[in-house]
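Q: What follows is upload-v3.cif; its format and atoms are mmCIF, C-alpha atoms.
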data_protein
loop_
_atom_site.group_PDB
_atom_site.id
_atom_site.type_symbol
_atom_site.label_atom_id
_atom_site.label_comp_id
_atom_site.auth_asym_id
_atom_site.auth_seq_id
_atom_site.Cartn_x
_atom_site.Cartn_y
_atom_site.Cartn_z
ATOM 1 C CA MET A 1 -18.689 27.768 25.345
ATOM 2 C CA ILE A 2 -15.692 25.776 24.171
ATOM 3 C CA ILE A 3 -12.689 27.986 23.443
ATOM 4 C CA THR A 4 -9.768 26.581 21.454
ATOM 5 C CA LEU A 5 -6.313 28.148 21.375
ATOM 6 C CA THR A 6 -4.088 27.435 18.389
ATOM 7 C CA LEU A 7 -0.709 28.928 19.223
ATOM 8 C CA ASN A 8 1.095 27.925 16.012
ATOM 9 C CA PRO A 9 -1.419 27.458 13.151
ATOM 10 C CA SER A 10 -0.413 26.137 9.771
ATOM 11 C CA ILE A 11 -1.504 25.153 6.321
ATOM 12 C CA ASP A 12 -0.995 21.450 5.718
ATOM 13 C CA TYR A 13 -0.021 20.839 2.093
ATOM 14 C CA THR A 14 -0.540 17.154 1.359
ATOM 15 C CA MET A 15 0.856 15.553 -1.800
ATOM 16 C CA THR A 16 0.726 11.992 -3.093
ATOM 17 C CA VAL A 17 3.431 10.471 -5.318
ATOM 18 C CA ASN A 18 2.703 6.995 -6.681
ATOM 19 C CA GLU A 19 6.067 6.377 -8.358
ATOM 20 C CA PRO A 20 9.282 5.675 -6.388
ATOM 21 C CA LEU A 21 10.834 8.903 -5.133
ATOM 22 C CA LEU A 22 13.761 10.310 -7.099
ATOM 23 C CA ASP A 23 16.484 12.268 -5.333
ATOM 24 C CA VAL A 24 17.793 14.141 -8.413
ATOM 25 C CA GLU A 25 14.999 14.192 -11.017
ATOM 26 C CA VAL A 26 11.653 15.909 -10.523
ATOM 27 C CA ASN A 27 8.949 13.963 -8.685
ATOM 28 C CA ARG A 28 5.391 14.349 -9.998
ATOM 29 C CA THR A 29 2.322 14.208 -7.783
ATOM 30 C CA THR A 30 -0.882 12.356 -8.556
ATOM 31 C CA SER A 31 -2.911 14.496 -6.127
ATOM 32 C CA GLU A 32 -2.464 17.411 -3.786
ATOM 33 C CA GLN A 33 -4.595 19.074 -1.130
ATOM 34 C CA MET A 34 -4.345 22.080 1.186
ATOM 35 C CA LYS A 35 -5.978 22.047 4.605
ATOM 36 C CA VAL A 36 -6.021 24.321 7.612
ATOM 37 C CA GLY A 37 -3.692 22.869 10.253
ATOM 38 C CA GLY A 38 -3.161 23.381 13.956
ATOM 39 C CA LYS A 39 -4.645 21.167 16.642
ATOM 40 C CA GLY A 40 -6.982 23.770 18.136
ATOM 41 C CA LEU A 41 -8.445 24.675 14.753
ATOM 42 C CA ASN A 42 -8.875 20.974 13.975
ATOM 43 C CA VAL A 43 -10.824 20.633 17.223
ATOM 44 C CA SER A 44 -13.081 23.583 16.361
ATOM 45 C CA MET A 45 -13.741 22.209 12.866
ATOM 46 C CA THR A 46 -14.761 18.814 14.266
ATOM 47 C CA LEU A 47 -17.004 20.514 16.819
ATOM 48 C CA ASP A 48 -18.679 22.413 13.979
ATOM 49 C CA LYS A 49 -19.414 19.130 12.204
ATOM 50 C CA LEU A 50 -21.026 17.892 15.424
ATOM 51 C CA LYS A 51 -23.126 21.094 15.515
ATOM 52 C CA ILE A 52 -21.331 22.318 18.642
ATOM 53 C CA PRO A 53 -20.237 25.987 18.621
ATOM 54 C CA SER A 54 -16.764 27.084 19.640
ATOM 55 C CA ARG A 55 -14.626 30.182 19.754
ATOM 56 C CA ALA A 56 -11.302 29.651 18.004
ATOM 57 C CA ILE A 57 -8.442 31.916 19.068
ATOM 58 C CA ALA A 58 -5.550 31.682 16.620
ATOM 59 C CA LEU A 59 -2.263 33.502 16.004
ATOM 60 C CA LEU A 60 -2.469 34.473 12.339
ATOM 61 C CA GLY A 61 -0.092 36.392 10.084
ATOM 62 C CA GLY A 62 0.705 36.993 6.421
ATOM 63 C CA PHE A 63 -1.038 35.571 3.376
ATOM 64 C CA THR A 64 -1.145 32.137 4.988
ATOM 65 C CA GLY A 65 -3.009 33.621 7.943
ATOM 66 C CA ASP A 66 -5.465 35.179 5.480
ATOM 67 C CA TYR A 67 -5.926 31.781 3.824
ATOM 68 C CA ILE A 68 -6.636 30.127 7.192
ATOM 69 C CA GLU A 69 -9.197 32.796 8.087
ATOM 70 C CA GLN A 70 -10.915 32.430 4.715
ATOM 71 C CA ALA A 71 -10.939 28.623 4.944
ATOM 72 C CA LEU A 72 -12.815 28.802 8.274
ATOM 73 C CA ARG A 73 -15.678 30.915 6.910
ATOM 74 C CA PRO A 74 -17.759 27.934 5.733
ATOM 75 C CA TYR A 75 -17.922 26.714 9.358
ATOM 76 C CA PRO A 76 -20.892 28.636 10.792
ATOM 77 C CA ARG A 77 -20.401 27.530 14.387
ATOM 78 C CA ILE A 78 -16.782 28.738 14.655
ATOM 79 C CA GLU A 79 -16.313 32.235 16.039
ATOM 80 C CA LEU A 80 -12.762 33.106 14.985
ATOM 81 C CA THR A 81 -10.688 35.517 17.050
ATOM 82 C CA ARG A 82 -7.614 36.485 15.032
ATOM 83 C CA VAL A 83 -4.568 37.538 17.069
ATOM 84 C CA PRO A 84 -2.196 39.228 14.579
ATOM 85 C CA VAL A 85 1.470 38.217 14.473
ATOM 86 C CA ASP A 86 4.343 39.470 12.358
ATOM 87 C CA GLY A 87 5.407 37.135 9.563
ATOM 88 C CA MET A 88 3.438 34.318 7.967
ATOM 89 C CA ASN A 89 1.968 31.142 9.376
ATOM 90 C CA ARG A 90 3.660 27.856 8.550
ATOM 91 C CA ILE A 91 3.144 25.663 5.524
ATOM 92 C CA ASN A 92 3.733 22.043 6.533
ATOM 93 C CA VAL A 93 4.377 19.480 3.796
ATOM 94 C CA LYS A 94 3.088 15.923 4.081
ATOM 95 C CA LEU A 95 4.194 13.649 1.258
ATOM 96 C CA TYR A 96 2.536 10.252 0.815
ATOM 97 C CA HIS A 97 4.607 7.850 -1.276
ATOM 98 C CA GLY A 98 3.493 4.238 -1.368
ATOM 99 C CA PRO A 99 3.392 2.886 2.180
ATOM 100 C CA GLY A 100 5.519 5.751 3.532
ATOM 101 C CA THR A 101 4.846 9.311 4.674
ATOM 102 C CA LEU A 102 7.329 12.163 4.795
ATOM 103 C CA CYS A 103 6.373 15.131 6.982
ATOM 104 C CA VAL A 104 8.293 18.423 7.034
ATOM 105 C CA ASN A 105 6.977 21.086 9.413
ATOM 106 C CA ALA A 106 8.076 24.691 8.961
ATOM 107 C CA ARG A 107 9.337 26.841 11.813
ATOM 108 C CA GLY A 108 6.764 29.641 11.577
ATOM 109 C CA PRO A 109 6.775 33.203 12.990
ATOM 110 C CA GLU A 110 7.677 34.436 16.460
ATOM 111 C CA ALA A 111 5.265 35.932 18.981
ATOM 112 C CA ASP A 112 6.298 39.159 20.727
ATOM 113 C CA ALA A 113 5.341 40.570 24.130
ATOM 114 C CA ALA A 114 2.240 42.285 22.709
ATOM 115 C CA VAL A 115 0.923 38.957 21.389
ATOM 116 C CA CYS A 116 1.502 37.322 24.775
ATOM 117 C CA GLN A 117 -0.406 40.097 26.547
ATOM 118 C CA THR A 118 -3.289 39.917 24.063
ATOM 119 C CA LEU A 119 -3.683 36.200 24.722
ATOM 120 C CA LEU A 120 -3.622 36.727 28.489
ATOM 121 C CA ASP A 121 -6.216 39.511 28.195
ATOM 122 C CA LEU A 122 -8.485 37.245 26.127
ATOM 123 C CA MET A 123 -8.538 34.745 28.990
ATOM 124 C CA GLU A 124 -10.200 37.443 31.116
ATOM 125 C CA THR A 125 -13.325 36.946 28.983
ATOM 126 C CA THR A 126 -13.721 33.276 29.921
ATOM 127 C CA GLY A 127 -16.257 32.149 32.484
ATOM 128 C CA GLN A 128 -17.280 29.353 34.811
ATOM 129 C CA ASN A 129 -19.117 27.287 32.192
ATOM 130 C CA ASP A 130 -16.365 27.554 29.570
ATOM 131 C CA TRP A 131 -13.842 24.968 28.454
ATOM 132 C CA VAL A 132 -10.474 26.339 27.329
ATOM 133 C CA LEU A 133 -8.501 23.937 25.119
ATOM 134 C CA VAL A 134 -4.810 24.758 24.602
ATOM 135 C CA CYS A 135 -3.753 22.544 21.716
ATOM 136 C CA GLY A 136 -0.583 21.946 19.728
ATOM 137 C CA ASN A 137 2.910 23.302 19.995
ATOM 138 C CA MET A 138 3.605 26.921 20.872
ATOM 139 C CA MET A 139 4.967 29.533 18.500
ATOM 140 C CA ARG A 140 8.494 30.781 19.090
ATOM 141 C CA GLY A 141 8.363 33.520 21.724
ATOM 142 C CA LEU A 142 5.909 31.570 23.889
ATOM 143 C CA ASP A 143 7.357 29.473 26.694
ATOM 144 C CA ALA A 144 6.465 27.530 29.823
ATOM 145 C CA ASP A 145 6.204 30.709 31.917
ATOM 146 C CA PHE A 146 3.709 32.146 29.443
ATOM 147 C CA LEU A 147 1.699 28.918 29.461
ATOM 148 C CA THR A 148 1.650 28.890 33.266
ATOM 149 C CA ALA A 149 0.418 32.491 33.360
ATOM 150 C CA LEU A 150 -2.274 31.746 30.780
ATOM 151 C CA CYS A 151 -3.470 28.699 32.717
ATOM 152 C CA ALA A 152 -3.570 30.759 35.913
ATOM 153 C CA LYS A 153 -5.890 33.220 34.163
ATOM 154 C CA VAL A 154 -8.186 30.357 33.148
ATOM 155 C CA HIS A 155 -8.309 29.054 36.706
ATOM 156 C CA GLN A 156 -9.025 32.551 38.053
ATOM 157 C CA ARG A 157 -12.071 32.691 35.797
ATOM 158 C CA GLN A 158 -13.103 29.202 37.020
ATOM 159 C CA ALA A 159 -13.157 27.780 33.482
ATOM 160 C CA ARG A 160 -12.220 24.179 32.678
ATOM 161 C CA LEU A 161 -8.688 23.778 31.295
ATOM 162 C CA VAL A 162 -7.584 21.202 28.714
ATOM 163 C CA ILE A 163 -4.010 20.873 27.432
ATOM 164 C CA ASP A 164 -3.031 18.793 24.412
ATOM 165 C CA MET A 165 0.617 19.395 23.585
ATOM 166 C CA GLU A 166 3.668 17.188 23.273
ATOM 167 C CA ALA A 167 5.936 19.415 25.379
ATOM 168 C CA LEU A 168 4.157 18.636 28.659
ATOM 169 C CA SER A 169 6.093 17.385 31.677
ATOM 170 C CA PRO A 170 4.957 16.321 35.160
ATOM 171 C CA GLN A 171 6.408 19.583 36.489
ATOM 172 C CA LEU A 172 4.452 21.645 33.963
ATOM 173 C CA ILE A 173 1.272 19.728 34.793
ATOM 174 C CA GLU A 174 1.742 20.633 38.454
ATOM 175 C CA ARG A 175 2.162 24.296 37.503
ATOM 176 C CA CYS A 176 -0.771 24.416 35.047
ATOM 177 C CA ARG A 177 -3.207 22.059 36.829
ATOM 178 C CA PRO A 178 -5.288 21.083 33.771
ATOM 179 C CA ASP A 179 -8.635 19.344 34.136
ATOM 180 C CA LEU A 180 -7.803 17.141 31.154
ATOM 181 C CA ILE A 181 -4.789 16.201 29.047
ATOM 182 C CA LYS A 182 -4.864 14.100 25.868
ATOM 183 C CA PRO A 183 -1.516 12.532 24.971
ATOM 184 C CA ASN A 184 -1.154 9.716 22.493
ATOM 185 C CA PHE A 185 0.640 6.613 23.740
ATOM 186 C CA TYR A 186 4.051 7.812 22.504
ATOM 187 C CA GLU A 187 3.567 11.197 24.190
ATOM 188 C CA PHE A 188 2.383 9.513 27.385
ATOM 189 C CA LYS A 189 5.559 7.431 27.525
ATOM 190 C CA LEU A 190 7.643 10.588 27.047
ATOM 191 C CA LEU A 191 5.634 12.391 29.710
ATOM 192 C CA THR A 192 6.132 9.646 32.290
ATOM 193 C CA GLY A 193 9.717 8.840 31.305
ATOM 194 C CA GLN A 194 8.816 5.196 30.620
ATOM 195 C CA PRO A 195 9.801 4.375 27.028
ATOM 196 C CA GLY A 196 9.201 0.669 27.598
ATOM 197 C CA LEU A 197 5.671 1.072 28.942
ATOM 198 C CA THR A 198 3.188 -1.509 27.620
ATOM 199 C CA LEU A 199 -0.569 -1.308 27.173
ATOM 200 C CA ALA A 200 -0.953 -3.656 30.132
ATOM 201 C CA ASP A 201 0.971 -1.174 32.322
ATOM 202 C CA LEU A 202 -0.945 1.875 31.063
ATOM 203 C CA PRO A 203 -3.889 1.883 33.522
ATOM 204 C CA ASP A 204 -1.635 1.948 36.593
ATOM 205 C CA ALA A 205 0.699 4.514 35.031
ATOM 206 C CA ALA A 206 -2.227 6.797 34.138
ATOM 207 C CA ALA A 207 -3.706 6.495 37.626
ATOM 208 C CA LYS A 208 -0.335 7.450 39.089
ATOM 209 C CA LEU A 209 0.031 10.462 36.784
ATOM 210 C CA ARG A 210 -3.367 11.765 37.901
ATOM 211 C CA LYS A 211 -1.830 12.382 41.321
ATOM 212 C CA SER A 212 0.439 15.059 39.818
ATOM 213 C CA GLY A 213 -2.531 17.389 39.497
ATOM 214 C CA VAL A 214 -4.595 16.441 36.443
ATOM 215 C CA ASP A 215 -8.140 15.162 36.956
ATOM 216 C CA ASN A 216 -8.637 13.386 33.631
ATOM 217 C CA ILE A 217 -6.159 11.729 31.247
ATOM 218 C CA LEU A 218 -7.341 10.638 27.809
ATOM 219 C CA VAL A 219 -4.703 8.550 26.040
ATOM 220 C CA SER A 220 -5.335 7.917 22.346
ATOM 221 C CA LEU A 221 -4.014 4.545 21.206
ATOM 222 C CA GLY A 222 -4.597 4.521 17.450
ATOM 223 C CA ALA A 223 -5.930 1.171 16.297
ATOM 224 C CA GLU A 224 -6.002 0.015 19.937
ATOM 225 C CA GLY A 225 -8.641 2.625 20.846
ATOM 226 C CA ALA A 226 -8.113 4.787 23.931
ATOM 227 C CA LEU A 227 -7.900 4.827 27.718
ATOM 228 C CA LEU A 228 -9.486 7.377 30.053
ATOM 229 C CA ALA A 229 -8.260 7.764 33.625
ATOM 230 C CA ALA A 230 -10.773 9.844 35.588
ATOM 231 C CA SER A 231 -11.867 10.398 39.167
ATOM 232 C CA GLU A 232 -14.724 7.932 38.554
ATOM 233 C CA GLY A 233 -12.294 5.215 37.494
ATOM 234 C CA ILE A 234 -10.500 3.972 34.409
ATOM 235 C CA TYR A 235 -12.328 3.354 31.147
ATOM 236 C CA ARG A 236 -10.982 1.386 28.202
ATOM 237 C CA LEU A 237 -12.182 1.986 24.655
ATOM 238 C CA THR A 238 -11.631 -0.739 22.079
ATOM 239 C CA GLN A 239 -12.760 -0.587 18.482
ATOM 240 C CA GLU A 240 -13.413 -2.953 15.631
ATOM 241 C CA PRO A 241 -10.697 -2.975 12.938
ATOM 242 C CA ILE A 242 -10.760 -0.278 10.262
ATOM 243 C CA GLU A 243 -8.650 0.468 7.213
ATOM 244 C CA ALA A 244 -6.706 3.557 8.296
ATOM 245 C CA VAL A 245 -5.320 5.738 5.504
ATOM 246 C CA ASN A 246 -4.878 9.094 7.259
ATOM 247 C CA GLN A 247 -2.427 9.828 10.071
ATOM 248 C CA VAL A 248 -3.380 13.487 10.583
ATOM 249 C CA GLY A 249 -6.099 14.865 12.849
ATOM 250 C CA SER A 250 -7.536 11.734 14.468
ATOM 251 C CA GLY A 251 -6.422 12.720 17.958
ATOM 252 C CA ASP A 252 -7.840 16.226 17.519
ATOM 253 C CA ALA A 253 -11.191 14.798 16.400
ATOM 254 C CA MET A 254 -11.150 12.473 19.411
ATOM 255 C CA LEU A 255 -10.577 15.366 21.815
ATOM 256 C CA ALA A 256 -13.246 17.501 20.129
ATOM 257 C CA ALA A 257 -15.903 14.812 20.354
ATOM 258 C CA PHE A 258 -15.011 13.933 23.953
ATOM 259 C CA VAL A 259 -15.208 17.495 25.290
ATOM 260 C CA GLY A 260 -18.086 18.446 23.018
ATOM 261 C CA LYS A 261 -20.254 15.542 24.138
ATOM 262 C CA LEU A 262 -19.440 16.242 27.797
ATOM 263 C CA THR A 263 -20.771 19.776 27.345
ATOM 264 C CA GLU A 264 -23.964 18.269 25.926
ATOM 265 C CA GLY A 265 -24.502 16.204 29.079
ATOM 266 C CA CYS A 266 -23.070 12.822 28.073
ATOM 267 C CA THR A 267 -21.384 10.638 30.665
ATOM 268 C CA LYS A 268 -17.645 10.163 30.309
ATOM 269 C CA ALA A 269 -18.169 6.637 29.000
ATOM 270 C CA GLU A 270 -20.612 7.913 26.361
ATOM 271 C CA ALA A 271 -18.300 10.786 25.440
ATOM 272 C CA LEU A 272 -15.413 8.319 25.112
ATOM 273 C CA ALA A 273 -17.389 6.262 22.593
ATOM 274 C CA TRP A 274 -18.088 9.405 20.545
ATOM 275 C CA ALA A 275 -14.401 10.296 20.786
ATOM 276 C CA GLY A 276 -13.396 6.950 19.351
ATOM 277 C CA ALA A 277 -15.970 7.204 16.560
ATOM 278 C CA ALA A 278 -14.710 10.661 15.574
ATOM 279 C CA GLY A 279 -11.048 9.659 15.632
ATOM 280 C CA SER A 280 -11.570 6.496 13.584
ATOM 281 C CA SER A 281 -13.751 8.327 11.046
ATOM 282 C CA VAL A 282 -10.945 10.796 10.373
ATOM 283 C CA ALA A 283 -8.387 7.981 10.105
ATOM 284 C CA MET A 284 -10.432 6.264 7.391
ATOM 285 C CA THR A 285 -10.277 9.089 4.813
ATOM 286 C CA HIS A 286 -8.270 12.049 3.536
ATOM 287 C CA ASP A 287 -11.538 13.896 2.896
ATOM 288 C CA GLU A 288 -13.715 15.847 5.303
ATOM 289 C CA VAL A 289 -15.905 13.714 7.560
ATOM 290 C CA SER A 290 -19.519 14.444 8.425
ATOM 291 C CA ALA A 291 -21.518 14.141 11.619
ATOM 292 C CA ASP A 292 -23.359 11.176 10.065
ATOM 293 C CA GLN A 293 -20.082 9.362 9.408
ATOM 294 C CA ILE A 294 -19.009 9.930 13.003
ATOM 295 C CA ALA A 295 -22.356 8.687 14.342
ATOM 296 C CA GLU A 296 -22.161 5.622 12.112
ATOM 297 C CA GLY A 297 -18.838 4.772 13.738
ATOM 298 C CA LEU A 298 -20.396 4.393 17.175
ATOM 299 C CA HIS A 299 -21.305 0.775 16.491
ATOM 300 C CA ARG A 300 -17.579 -0.056 16.179
ATOM 301 C CA MET A 301 -16.827 1.342 19.659
ATOM 302 C CA HIS A 302 -16.847 -0.664 22.894
ATOM 303 C CA VAL A 303 -16.275 1.002 26.284
ATOM 304 C CA HIS A 304 -15.857 -0.837 29.564
ATOM 305 C CA LYS A 305 -14.705 0.171 33.022
ATOM 306 C CA LEU A 306 -11.585 -1.546 34.341
#
Starting from the coordinates I provided, produce the structure as C-alpha cells.
A:
Amino acid sequence: MIITLTLNPSIDYTMTVNEPLLDVEVNRTTSEQMKVGGKGLNVSMTLDKLKIPSRAIALLGGFTGDYIEQALRPYPRIELTRVPVDGMNRINVKLYHGPGTLCVNARGPEADAAVCQTLLDLMETTGQNDWVLVCGNMMRGLDADFLTALCAKVHQRQARLVIDMEALSPQLIERCRPDLIKPNFYEFKLLTGQPGLTLADLPDAAAKLRKSGVDNILVSLGAEGALLAASEGIYRLTQEPIEAVNQVGSGDAMLAAFVGKLTEGCTKAEALAWAGAAGSSVAMTHDEVSADQIAEGLHRMHVHKL
C-alpha cells in the first residue's frame, strides 16, 4: 500500500483575469476554479487516475476540511484518514493574469500535541511492503523533531520512506534516512547550498548527495525533464517540447507515477518515463488529466543511463 501524508492541506482557488490588473478598482475574473491542494493529496489523486490505491492521511479542520473530504469522495481508490485539527485548512489563491501568476498561500491552522501523537500512532499500522510518502510543508506545530520521530516509526515498521518537502537539509536527510526524495532543481540547489549549480553539474552533485543517507534522488527539471540518481546509476529523462500552461501539481504527479509504477513492478527507468508523462500531462492543462492522457505522453519521454 502507498500511504501519503499531507501535513498542511489546502484548497487552491485559481482565478484568471484577462485585463491588466488594477490596484484601486475592482478586478473581474474570466474564470475561477477550486481544487483540493496539498502535495500528498495530489499524489493520491494521480495514483487513483492510474488505478493504483492509496491511503491518504490528512490534517483536516473546519469547513475547508469538510470540502476537501467531500472533494475526495469521487476517487474510489483513495482511503482517506482524517486527522482532526482545530481551525480551518488554508485557502491558497493563484491568480493568472496574462503571462504572469500571483500566488498567495495562507498560513493555516496549528497542530497540537494530540495531533502529533495521532500521526505517530498511525505509523504503527504501516508494514514492510508499504511506501510512506511525506509530502509538502508541515503545519505550524510540527517541526524537525516531529518529522524525525515519524520517520523513525516508519523505519521501525520496515516501510519505504519518501520525503518531498522544500525544508529538507543534508542534516535532516541524515536524521530521517529516506529511501527517496524528490526536489525540483531550485529545491535541489537550496538543499546542496549551490545556487549556481548547472544541469551539467547535476549528476555529480546528486551522486554526492546520495552519500548523506538517501538511496534515490529524483530531481524534476520542468521542461528539461528529470534526473534520477539511484544505486543502479544515474538516469536522465528528456522530453519532447510541450505547451505548458499549468505550474501547479506537475511534480506531485511525477512522484505519484514514479512510486506507483515501481509498486507495480516496473524498473526505475520505466517508472521514470511514466513519471515524466504524468508530470507533462498535468503541465499541459488546468483540467483534470486521465490515465489515457498520461499513457499517451509516454511517446514524448526518452530515458537513458549516464
Q: Any chance you could work out the residue set of the PyMOL selection byres ((chain A and resi 195-203) around 12) here, as a PyMOL selection string?
A: chain A and resi 184-194+204-210+217-221+224-230+233-236+305-306
Q: Once the PyMOL selection byres ((chain A and resi 131) around 9) has been applied to the shown file, what residues remain in the selection, as a ChimeraX atom specification?
A: /A:1-4,126-130,132-133,159-162,259,263
Q: Is it possible to get the residues within 12 Å of (-16.0, 22.2, 11.3) (coordinates as in the file, counting only C-alpha atoms) written as a PyMOL selection string?
A: chain A and resi 36+40-56+71-80+252-253+256-257+288-291
Q: Region 20-25 of chain A: which residues within 9 Å, counting all atoms listed in the file, same-chain residues fewer than 3 positions away excluded, as a PyMOL selection string?
A: chain A and resi 17+97-98
Q: On this file, the PyMOL selection byres ((chain A and resi 245) around 10) gives some set of residues; write that set as a ChimeraX atom specification.
A: /A:99,242-244,246-248,282-286
Q: Pick the closest to Gly37 (chain A) from A:Gly249, A:Glu110, A:Arg175, A:Ser212: which is it, counting all atoms listed in the file?
A: A:Gly249
Q: What is the CA of Gly297 (chain A) to CA of Lys261 (chain A) distance in Å?
A: 15.0 Å
Q: Which residues are near Gly136 (chain A)? Cut-off 8 Å, only C-alpha atoms, ignore same chain within fewer than 4 positions. Put them as a list in words.
A: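 Near neighbours after the sequence-gap exclusion: Thr6, Leu7, Asn8, Gly38, Lys39, Gly40, Asp164, Met165 and Glu166 of chain A.
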Q: Have a look at CA of Leu119 (chain A) and CA of Arg82 (chain A) and let me know their distance in Å, one decimal.
A: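 CA of Arg82 (chain A) lies at a distance of 10.5 Å from CA of Leu119 (chain A).
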Q: Skipping near chain neighbours, those fewer than 6 positions away, what residues fall within 10 Å of Thr29 (chain A) using only C-alpha atoms, listed as a ChimeraX atom specification?
A: /A:15-19,95-97
Q: I'd like the neighbourhood of Pro84 (chain A) as a list in words, where a residue qualifies if any of its atoms comes within 10 Å (using only C-alpha atoms), though same-chain residues fewer than 4 positions away should be ignored.
A: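 Near neighbours after the sequence-gap exclusion: Ala58, Leu59, Leu60, Gly61, Gly62, Gly65, Met88, Ala111, Ala114, Val115 and Thr118 of chain A.
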Q: Take the residues from that selection and write them out as a PDB file, keeping the file's coordinate frame, keeping C-alpha atoms.
A:
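Below is the file part_31.pdb, written as the result:
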ATOM      1  CA  ALA A  58      -5.550  31.682  16.620  1.00  0.00           C
ATOM      2  CA  LEU A  59      -2.263  33.502  16.004  1.00  0.00           C
ATOM      3  CA  LEU A  60      -2.469  34.473  12.339  1.00  0.00           C
ATOM      4  CA  GLY A  61      -0.092  36.392  10.084  1.00  0.00           C
ATOM      5  CA  GLY A  62       0.705  36.993   6.421  1.00  0.00           C
ATOM      6  CA  GLY A  65      -3.009  33.621   7.943  1.00  0.00           C
ATOM      7  CA  MET A  88       3.438  34.318   7.967  1.00  0.00           C
ATOM      8  CA  ALA A 111       5.265  35.932  18.981  1.00  0.00           C
ATOM      9  CA  ALA A 114       2.240  42.285  22.709  1.00  0.00           C
ATOM     10  CA  VAL A 115       0.923  38.957  21.389  1.00  0.00           C
ATOM     11  CA  THR A 118      -3.289  39.917  24.063  1.00  0.00           C
TER      12      THR A 118
END
Q: Can you work out which one of A:Met34, A:Leu237, A:Ala149, A:Ala295 has the shortest atom-to-atom distance to Leu272 (chain A), counting all atoms listed in the file?
A: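 Ranked by minimum distance to Leu272 (chain A), first place goes to A:Leu237.
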Q: I need the residue nearest Val83 (chain A) from this list: A:Pro170, A:Pro9, A:Gly279, A:Gly213. Use all atoms listed in the file for the distance.
A: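 Among A:Pro170, A:Pro9, A:Gly279, A:Gly213, it is A:Pro9 that comes nearest to Val83 (chain A).
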Q: Using all atoms listed in the file, which residue out of A:Ser280, A:Cys135, A:Arg177, A:Glu264 lies closest to Thr148 (chain A)?
A: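 Checking each candidate against Thr148 (chain A), we get A:Arg177 as the closest.
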